[in-house]
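Asker: See input_7.csv below, with CSV, C-alpha atoms and all ligand atoms.
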chain,number,residue,atom,x,y,z
A,25,MET,CA,0.0,0.0,0.0
A,26,SER,CA,1.2,3.4,-0.9
A,27,TYR,CA,0.4,6.7,0.8
A,28,TRP,CA,1.9,9.9,2.1
A,29,ILE,CA,3.3,10.5,5.6
A,30,ASP,CA,3.5,14.0,7.1
A,31,THR,CA,6.6,13.6,9.3
A,32,HIS,CA,6.2,16.9,11.1
A,33,CYS,CA,3.0,18.8,11.8
A,34,HIS,CA,1.3,20.9,14.5
A,35,MET,CA,-2.2,19.6,14.0
A,36,ASN,CA,-2.6,20.0,17.8
A,37,GLU,CA,-2.7,23.7,17.5
A,38,ASP,CA,-5.8,25.7,18.5
A,39,VAL,CA,-6.6,26.7,14.9
A,40,TYR,CA,-7.5,23.1,14.0
A,41,ARG,CA,-9.5,22.3,17.1
A,42,SER,CA,-13.1,23.0,16.2
A,43,ASP,CA,-12.9,21.3,12.8
A,44,PHE,CA,-10.4,18.6,13.6
A,45,ASP,CA,-12.5,15.8,12.1
A,46,LEU,CA,-12.7,17.7,8.8
A,47,TYR,CA,-9.0,18.0,8.7
A,48,MET,CA,-8.6,14.3,9.3
A,49,GLN,CA,-11.1,13.6,6.5
A,50,ALA,CA,-9.1,15.9,4.2
A,51,ALA,CA,-6.0,14.0,5.1
A,52,ARG,CA,-7.6,10.7,4.2
A,53,ASP,CA,-9.0,12.2,0.9
A,54,ASN,CA,-5.5,13.1,0.0
A,55,ASN,CA,-4.0,9.8,0.9
A,56,VAL,CA,-2.1,11.2,3.8
A,57,LEU,CA,-2.5,8.3,6.2
A,58,ARG,CA,0.1,9.0,8.9
A,59,SER,CA,1.0,12.3,10.5
A,60,ASN,CA,3.6,12.9,13.2
A,61,VAL,CA,2.3,15.5,15.6
A,62,ILE,CA,4.8,17.7,17.5
A,63,CYS,CA,4.2,18.4,21.1
A,64,MET,CA,6.2,21.2,22.8
A,65,ASN,CA,4.9,21.0,26.3
A,66,ARG,CA,2.7,18.9,28.7
A,67,ALA,CA,-0.5,20.5,27.6
A,68,ASP,CA,0.2,19.7,23.9
A,69,LEU,CA,1.0,16.1,24.9
A,70,GLU,CA,-2.1,15.6,26.9
A,71,TYR,CA,-4.3,17.0,24.2
A,72,THR,CA,-2.6,15.0,21.4
A,73,ARG,CA,-3.0,11.8,23.4
A,74,GLU,CA,-6.7,12.4,23.3
A,75,LEU,CA,-6.6,13.0,19.5
A,76,LYS,CA,-4.7,9.8,19.1
A,77,LYS,CA,-7.4,7.8,20.9
A,78,LYS,CA,-9.7,8.6,18.0
A,79,TYR,CA,-7.1,8.8,15.3
A,80,PRO,CA,-4.4,6.1,15.9
A,81,ASN,CA,-2.7,7.1,12.7
A,82,LEU,CA,-1.3,10.1,14.5
A,83,ASP,CA,2.2,9.6,15.9
A,84,ILE,CA,3.5,11.7,18.8
A,85,THR,CA,6.9,13.4,19.0
A,86,PHE,CA,7.7,15.4,22.1
A,87,GLY,CA,10.5,17.8,23.0
A,88,TYR,CA,11.2,21.3,24.3
A,89,PHE,CA,11.5,23.9,21.5
A,90,PRO,CA,14.8,25.9,21.6
A,91,GLU,CA,13.1,29.2,22.2
A,92,ASP,CA,11.0,27.8,25.0
A,93,THR,CA,14.0,26.5,27.0
A,94,GLU,CA,14.4,29.6,29.2
A,95,HIS,CA,12.2,28.4,32.0
A,96,LEU,CA,12.9,24.7,31.8
A,97,ASN,CA,14.0,22.9,34.9
A,98,ASP,CA,14.9,19.4,36.0
A,99,GLU,CA,11.3,18.5,36.5
A,100,ASP,CA,10.6,19.2,32.8
A,101,MET,CA,13.4,16.9,31.9
A,102,ASN,CA,12.1,14.2,34.2
A,103,TYR,CA,8.7,14.5,32.6
A,104,LEU,CA,10.2,14.0,29.1
A,105,GLU,CA,11.9,10.9,30.4
A,106,ALA,CA,8.7,9.6,32.1
A,107,VAL,CA,6.7,9.8,28.9
A,108,ILE,CA,9.5,8.6,26.6
A,109,ASP,CA,8.0,5.1,25.9
A,110,GLU,CA,4.8,6.6,24.4
A,111,ILE,CA,6.5,8.9,21.9
A,112,GLN,CA,8.0,8.2,18.5
A,113,ALA,CA,10.9,10.6,18.9
A,114,VAL,CA,12.3,13.5,20.9
A,115,GLY,CA,11.7,16.8,19.1
A,116,GLU,CA,11.6,19.3,17.9
A,117,ILE,CA,14.8,20.1,19.7
A,118,GLY,CA,17.7,22.2,18.6
A,119,LEU,CA,18.9,25.8,18.4
A,120,ASP,CA,17.3,29.0,17.1
A,121,TYR,CA,19.3,32.2,17.1
A,122,TYR,CA,17.0,34.0,14.7
A,123,TYR,CA,15.6,36.5,17.1
A,124,SER,CA,18.4,36.5,19.6
A,125,ARG,CA,21.7,34.8,20.6
A,126,GLU,CA,21.4,36.0,24.2
A,127,ASP,CA,20.2,32.7,25.5
A,128,ALA,CA,22.4,30.6,23.2
A,129,ASP,CA,24.2,28.9,26.2
A,130,ARG,CA,20.9,28.0,27.7
A,131,GLN,CA,19.6,26.6,24.4
A,132,LYS,CA,22.7,24.5,24.0
A,133,GLU,CA,22.5,23.1,27.5
A,134,MET,CA,18.8,22.1,27.0
A,135,PHE,CA,19.5,20.7,23.5
A,136,ILE,CA,22.3,18.5,24.8
A,137,ARG,CA,20.3,17.3,27.8
A,138,GLN,CA,17.4,16.2,25.6
A,139,ILE,CA,19.8,14.5,23.2
A,140,GLU,CA,21.2,12.6,26.1
A,141,ILE,CA,17.7,11.5,27.2
A,142,ALA,CA,17.1,10.2,23.7
A,143,ASN,CA,20.4,8.4,23.7
A,144,ARG,CA,19.6,6.7,27.0
A,145,HIS,CA,16.4,5.4,25.7
A,146,GLY,CA,17.4,4.7,22.1
A,147,LYS,CA,14.9,7.3,20.8
A,148,PRO,CA,15.4,9.1,17.4
A,149,ILE,CA,15.5,12.8,17.4
A,150,MET,CA,14.0,15.6,15.3
A,151,ILE,CA,16.0,18.7,14.9
A,152,HIS,CA,15.0,22.4,14.6
A,153,SER,CA,17.8,24.6,13.5
A,154,ARG,CA,17.5,28.3,12.5
A,155,SER,CA,20.4,30.8,12.2
A,156,ALA,CA,22.5,28.4,14.2
A,157,ALA,CA,23.9,26.0,11.6
A,158,GLN,CA,27.4,25.5,12.9
A,159,ASP,CA,26.5,25.1,16.6
A,160,THR,CA,23.7,22.7,15.7
A,161,PHE,CA,26.1,20.6,13.6
A,162,ASP,CA,28.8,20.6,16.3
A,163,ILE,CA,26.5,19.5,19.0
A,164,LEU,CA,24.8,16.8,17.0
A,165,LYS,CA,28.1,15.4,15.8
A,166,LYS,CA,29.5,15.2,19.3
A,167,HIS,CA,26.4,14.0,21.2
A,168,ALA,CA,23.8,12.4,19.0
A,169,ARG,CA,23.8,8.6,19.2
A,170,THR,CA,20.4,7.8,17.8
A,171,LYS,CA,18.8,8.4,14.4
A,172,VAL,CA,18.4,12.0,13.4
A,173,VAL,CA,16.1,13.9,11.0
A,174,MET,CA,16.8,17.6,10.2
A,175,HIS,CA,13.3,19.0,10.1
A,176,CYS,CA,12.3,21.6,7.5
A,177,PHE,CA,15.9,21.7,6.2
A,178,SER,CA,16.8,25.2,5.0
A,179,GLU,CA,20.6,25.3,5.1
A,180,SER,CA,23.2,25.1,2.4
A,181,ALA,CA,24.0,22.2,0.2
A,182,GLU,CA,27.4,21.9,1.9
A,183,MET,CA,25.7,21.5,5.3
A,184,MET,CA,23.3,19.0,3.8
A,185,ARG,CA,26.2,16.9,2.6
A,186,GLU,CA,27.8,16.9,6.0
A,187,TYR,CA,24.5,15.7,7.6
A,188,LEU,CA,24.2,13.0,4.9
A,189,LYS,CA,27.7,11.8,5.7
A,190,LEU,CA,26.6,11.3,9.3
A,191,GLY,CA,23.6,9.2,8.0
A,192,TYR,CA,20.9,11.7,9.0
A,193,TYR,CA,17.6,12.2,7.2
A,194,ILE,CA,16.7,15.5,5.6
A,195,SER,CA,13.1,16.6,5.8
A,196,PHE,CA,11.7,19.0,3.2
A,197,ALA,CA,8.6,21.2,3.8
A,198,GLY,CA,6.4,23.2,1.4
A,199,VAL,CA,9.1,25.7,0.8
A,200,VAL,CA,10.5,23.6,-2.0
A,201,THR,CA,7.4,24.3,-4.0
A,202,PHE,CA,7.9,28.1,-3.8
A,203,LYS,CA,9.0,29.7,-7.0
A,204,ASN,CA,12.0,31.6,-5.6
A,205,ALA,CA,13.2,28.8,-3.3
A,206,LYS,CA,16.3,28.0,-5.3
A,207,THR,CA,18.5,26.3,-2.6
A,208,PRO,CA,15.7,24.1,-1.2
A,209,LYS,CA,14.9,22.9,-4.7
A,210,GLU,CA,18.5,22.2,-5.4
A,211,ASN,CA,18.8,20.4,-2.1
A,212,ALA,CA,15.7,18.3,-2.8
A,213,LEU,CA,17.1,17.4,-6.2
A,214,GLU,CA,20.5,16.4,-4.7
A,215,CYS,CA,19.3,14.6,-1.6
A,216,PRO,CA,19.0,10.8,-2.3
A,217,ILE,CA,15.4,9.6,-1.7
A,218,GLU,CA,16.8,7.0,0.7
A,219,ARG,CA,17.6,9.8,3.1
A,220,MET,CA,14.6,12.0,2.6
A,221,MET,CA,11.4,12.9,4.5
A,222,ILE,CA,8.6,15.3,3.7
A,223,GLU,CA,6.5,17.3,6.1
A,224,THR,CA,4.1,20.2,6.3
A,225,ASP,CA,5.2,21.9,9.5
A,226,CYS,CA,1.6,23.1,9.4
A,227,PRO,CA,0.0,25.6,10.1
A,228,TYR,CA,3.1,27.3,8.5
A,229,LEU,CA,4.8,27.0,5.1
A,230,THR,CA,1.8,26.1,3.0
A,231,PRO,CA,2.9,24.5,-0.3
A,232,VAL,CA,1.8,25.6,-3.8
A,233,PRO,CA,-1.0,25.6,-4.9
A,234,PHE,CA,-2.4,26.7,-1.5
A,235,ARG,CA,0.4,29.1,-0.6
A,236,GLY,CA,-1.1,32.0,1.3
A,237,LYS,CA,-3.8,29.9,2.9
A,238,MET,CA,-3.4,28.1,6.2
A,239,ASN,CA,-1.5,24.8,5.9
A,240,GLN,CA,-2.8,21.5,7.1
A,241,THR,CA,-1.4,17.9,7.1
A,242,ALA,CA,-3.4,16.9,4.0
A,243,TYR,CA,-1.2,19.3,1.9
A,244,VAL,CA,1.9,17.2,2.4
A,245,ARG,CA,0.7,15.5,-0.8
A,246,HIS,CA,1.5,18.6,-2.8
A,247,THR,CA,5.1,18.8,-1.6
A,248,GLY,CA,5.4,15.1,-2.3
A,249,GLU,CA,4.0,15.3,-5.8
A,250,TYR,CA,6.3,18.2,-6.5
A,251,ILE,CA,9.4,16.4,-5.4
A,252,ALA,CA,8.4,13.2,-7.3
A,253,GLN,CA,8.2,15.4,-10.4
A,254,LEU,CA,11.4,17.3,-9.6
A,255,LYS,CA,13.3,14.0,-9.3
A,256,GLY,CA,11.6,12.4,-12.3
A,257,ILE,CA,10.2,9.4,-10.4
A,258,SER,CA,6.7,8.1,-9.8
A,259,VAL,CA,4.6,9.2,-6.9
A,260,GLU,CA,4.4,5.6,-5.8
A,261,GLN,CA,8.1,5.0,-5.9
A,262,LEU,CA,8.6,8.1,-3.7
A,263,GLN,CA,5.9,7.1,-1.3
A,264,GLN,CA,7.3,3.6,-0.9
A,265,GLN,CA,10.7,5.0,-0.1
A,266,LEU,CA,9.4,7.6,2.3
A,267,ILE,CA,7.5,5.0,4.2
A,268,ARG,CA,10.6,2.9,4.5
A,269,ASN,CA,12.6,5.9,5.7
A,270,TYR,CA,10.1,6.8,8.3
A,271,ASP,CA,10.0,3.3,9.6
A,272,GLU,CA,13.7,3.0,9.8
A,273,TRP,CA,14.1,6.3,11.6
A,274,ARG,CA,11.6,5.8,14.4
B,301,NI,NI,7.5,22.6,13.7
Can the structure from this file be put into structure tokens for me?
Ligand code: NI
Answerer:
Amino acid sequence: MSYWIDTHCHMNEDVYRSDFDLYMQAARDNNVLRSNVICMNRADLEYTRELKKKYPNLDITFGYFPEDTEHLNDEDMNYLEAVIDEIQAVGEIGLDYYYSREDADRQKEMFIRQIEIANRHGKPIMIHSRSAAQDTFDILKKHARTKVVMHCFSESAEMMREYLKLGYYISFAGVVTFKNAKTPKENALECPIERMMIETDCPYLTPVPFRGKMNQTAYVRHTGEYIAQLKGISVEQLQQQLIRNYDEWR
């Protein structure tokens, strides 16, 4: 069986809450049969658990987002460790210096602590990195001992090659479908499909032809179809490989 997987989405956000069943129907209608929902705090996790009771095709990934790490304490880390058996992966974790580098040390410390928890439990990790390419790379290379996916990859081809050398997966979002997204397109063309994932990161980064509207997990289909066309392979061939990749990663 062949279908799309959205490897990174925020379908647990408030904007989806009142019409959640309709969004899940849209996903089915677009052959998006698995969606990995990112939880950034306890409230997210508790709500997403409830969603999963009705929709077992939702996977749960949990981790503390770099810009939220300021107030984290030991108790939060213990919580992550306590729920580790029910989650697919630890994420999205990483570094984000886009708005400020002021808390870079704090971000790094919390990033490393979460990687170490993942290491202890053999859990894969999902990485968020923005305006922090070198620090992210250095920390991962030194500390990561489980499987890694670089979520919404938006760095240079050189960085992508370094991550590929380490055996990491590269995840592409709707940005590749944007007309002016030269580097993401080139990266998607170069990245072997054996190391690729696709995602929506919804509600952001809506792919063409819905660019400008709110994103949703069903739209991963458009990113997938675009990449299949870009690489000159069939949709089914790409889907089969992406299913294998996701299964090998988690
Ligand atoms: Ni995200």
Asker: Hey, which residues sit close to ligand NI 301 (chain B)? Say within 8 Å, counting only C-alpha atoms and all ligand atoms, and write them as a PDB file with C-alpha atoms, keeping the file's coordinate frame.
Answerer:
ATOM      1  CA  HIS A  32       6.200  16.900  11.100  1.00  0.00           C
ATOM      2  CA  CYS A  33       3.000  18.800  11.800  1.00  0.00           C
ATOM      3  CA  HIS A  34       1.300  20.900  14.500  1.00  0.00           C
ATOM      4  CA  ILE A  62       4.800  17.700  17.500  1.00  0.00           C
ATOM      5  CA  GLU A 116      11.600  19.300  17.900  1.00  0.00           C
ATOM      6  CA  HIS A 152      15.000  22.400  14.600  1.00  0.00           C
ATOM      7  CA  HIS A 175      13.300  19.000  10.100  1.00  0.00           C
ATOM      8  CA  CYS A 176      12.300  21.600   7.500  1.00  0.00           C
ATOM      9  CA  ASP A 225       5.200  21.900   9.500  1.00  0.00           C
ATOM     10  CA  CYS A 226       1.600  23.100   9.400  1.00  0.00           C
TER      11      CYS A 226
END
Asker: Rank nothing, just name the residue among A:Ala128, A:Leu229, A:Ile141, A:Ile217 nearest to Tyr193 (chain A), using all atoms listed in the file.
Answerer: A:Ile217
Asker: Report as a list in words all protein, DNA and RNA residues lying within 9 Å of His246 (chain A), evaluated on only C-alpha atoms, omitting residues in the same chain fewer than 5 positions from it.
Answerer: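 The filter keeps Gly198, Thr201, Pro231, Val232, Pro233 and Ile251 of chain A.
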Asker: Show which residues sit within 10 Å of region 78-86 of chain A, as an mmCIF file with C-alpha atoms, in the frame of the given file. Count only C-alpha atoms, and ignore same-chain residues fewer than 2 positions away.
Answerer:
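Output saved as result-v8.cif:
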data_model
loop_
_atom_site.group_PDB
_atom_site.id
_atom_site.type_symbol
_atom_site.label_atom_id
_atom_site.label_comp_id
_atom_site.auth_asym_id
_atom_site.auth_seq_id
_atom_site.Cartn_x
_atom_site.Cartn_y
_atom_site.Cartn_z
ATOM 1 C CA ILE A 29 3.300 10.500 5.600
ATOM 2 C CA ASP A 30 3.500 14.000 7.100
ATOM 3 C CA THR A 31 6.600 13.600 9.300
ATOM 4 C CA HIS A 32 6.200 16.900 11.100
ATOM 5 C CA CYS A 33 3.000 18.800 11.800
ATOM 6 C CA MET A 35 -2.200 19.600 14.000
ATOM 7 C CA ASP A 45 -12.500 15.800 12.100
ATOM 8 C CA MET A 48 -8.600 14.300 9.300
ATOM 9 C CA VAL A 56 -2.100 11.200 3.800
ATOM 10 C CA LEU A 57 -2.500 8.300 6.200
ATOM 11 C CA ARG A 58 0.100 9.000 8.900
ATOM 12 C CA SER A 59 1.000 12.300 10.500
ATOM 13 C CA ASN A 60 3.600 12.900 13.200
ATOM 14 C CA VAL A 61 2.300 15.500 15.600
ATOM 15 C CA ILE A 62 4.800 17.700 17.500
ATOM 16 C CA CYS A 63 4.200 18.400 21.100
ATOM 17 C CA MET A 64 6.200 21.200 22.800
ATOM 18 C CA ASN A 65 4.900 21.000 26.300
ATOM 19 C CA ARG A 66 2.700 18.900 28.700
ATOM 20 C CA ASP A 68 0.200 19.700 23.900
ATOM 21 C CA LEU A 69 1.000 16.100 24.900
ATOM 22 C CA THR A 72 -2.600 15.000 21.400
ATOM 23 C CA ARG A 73 -3.000 11.800 23.400
ATOM 24 C CA GLU A 74 -6.700 12.400 23.300
ATOM 25 C CA LEU A 75 -6.600 13.000 19.500
ATOM 26 C CA LYS A 76 -4.700 9.800 19.100
ATOM 27 C CA TYR A 88 11.200 21.300 24.300
ATOM 28 C CA PHE A 89 11.500 23.900 21.500
ATOM 29 C CA LEU A 104 10.200 14.000 29.100
ATOM 30 C CA VAL A 107 6.700 9.800 28.900
ATOM 31 C CA ILE A 108 9.500 8.600 26.600
ATOM 32 C CA GLU A 110 4.800 6.600 24.400
ATOM 33 C CA ILE A 111 6.500 8.900 21.900
ATOM 34 C CA GLN A 112 8.000 8.200 18.500
ATOM 35 C CA ALA A 113 10.900 10.600 18.900
ATOM 36 C CA VAL A 114 12.300 13.500 20.900
ATOM 37 C CA GLY A 115 11.700 16.800 19.100
ATOM 38 C CA GLU A 116 11.600 19.300 17.900
ATOM 39 C CA ILE A 117 14.800 20.100 19.700
ATOM 40 C CA PRO A 148 15.400 9.100 17.400
ATOM 41 C CA ILE A 149 15.500 12.800 17.400
ATOM 42 C CA MET A 150 14.000 15.600 15.300
#
Asker: Nearest residue to Asp38 (chain A) out of A:Val199, A:Tyr121, A:Pro227, A:Asp53, using all atoms listed in the file?
Answerer: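 Closest candidate: A:Pro227.
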Asker: Nearest residue to Tyr27 (chain A) out of A:Pro208, A:Gly248, A:Gly236, A:Gly118, using only C-alpha atoms?
Answerer: A:Gly248
Asker: Considering only C-alpha atoms, can you say which of A:Leu190, A:Ser26, A:Met221, A:Ser178 comes closest to Ala205 (chain A)?
Answerer: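 Ranked by minimum distance to Ala205 (chain A), first place goes to A:Ser178.
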Asker: Could you check how far CA of Trp273 (chain A) sits from CA of Ile151 (chain A), in Å to one decimal?
Answerer: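 Separation of CA of Trp273 (chain A) and CA of Ile151 (chain A): 13.0 Å.
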Asker: In Å to one decimal, how far is CA of Ala168 (chain A) from CA of Asn143 (chain A)?
Answerer: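 CA of Ala168 (chain A) lies 7.0 Å from CA of Asn143 (chain A).
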Asker: Write out as a list of chain:residue names which residues come within 7 Å of Asn55 (chain A) when counting all atoms listed in the file, dropping same-chain ones fewer than 3 positions away.
Answerer: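 Returned residues: A:Tyr27, A:Trp28, A:Ala51, A:Arg52.
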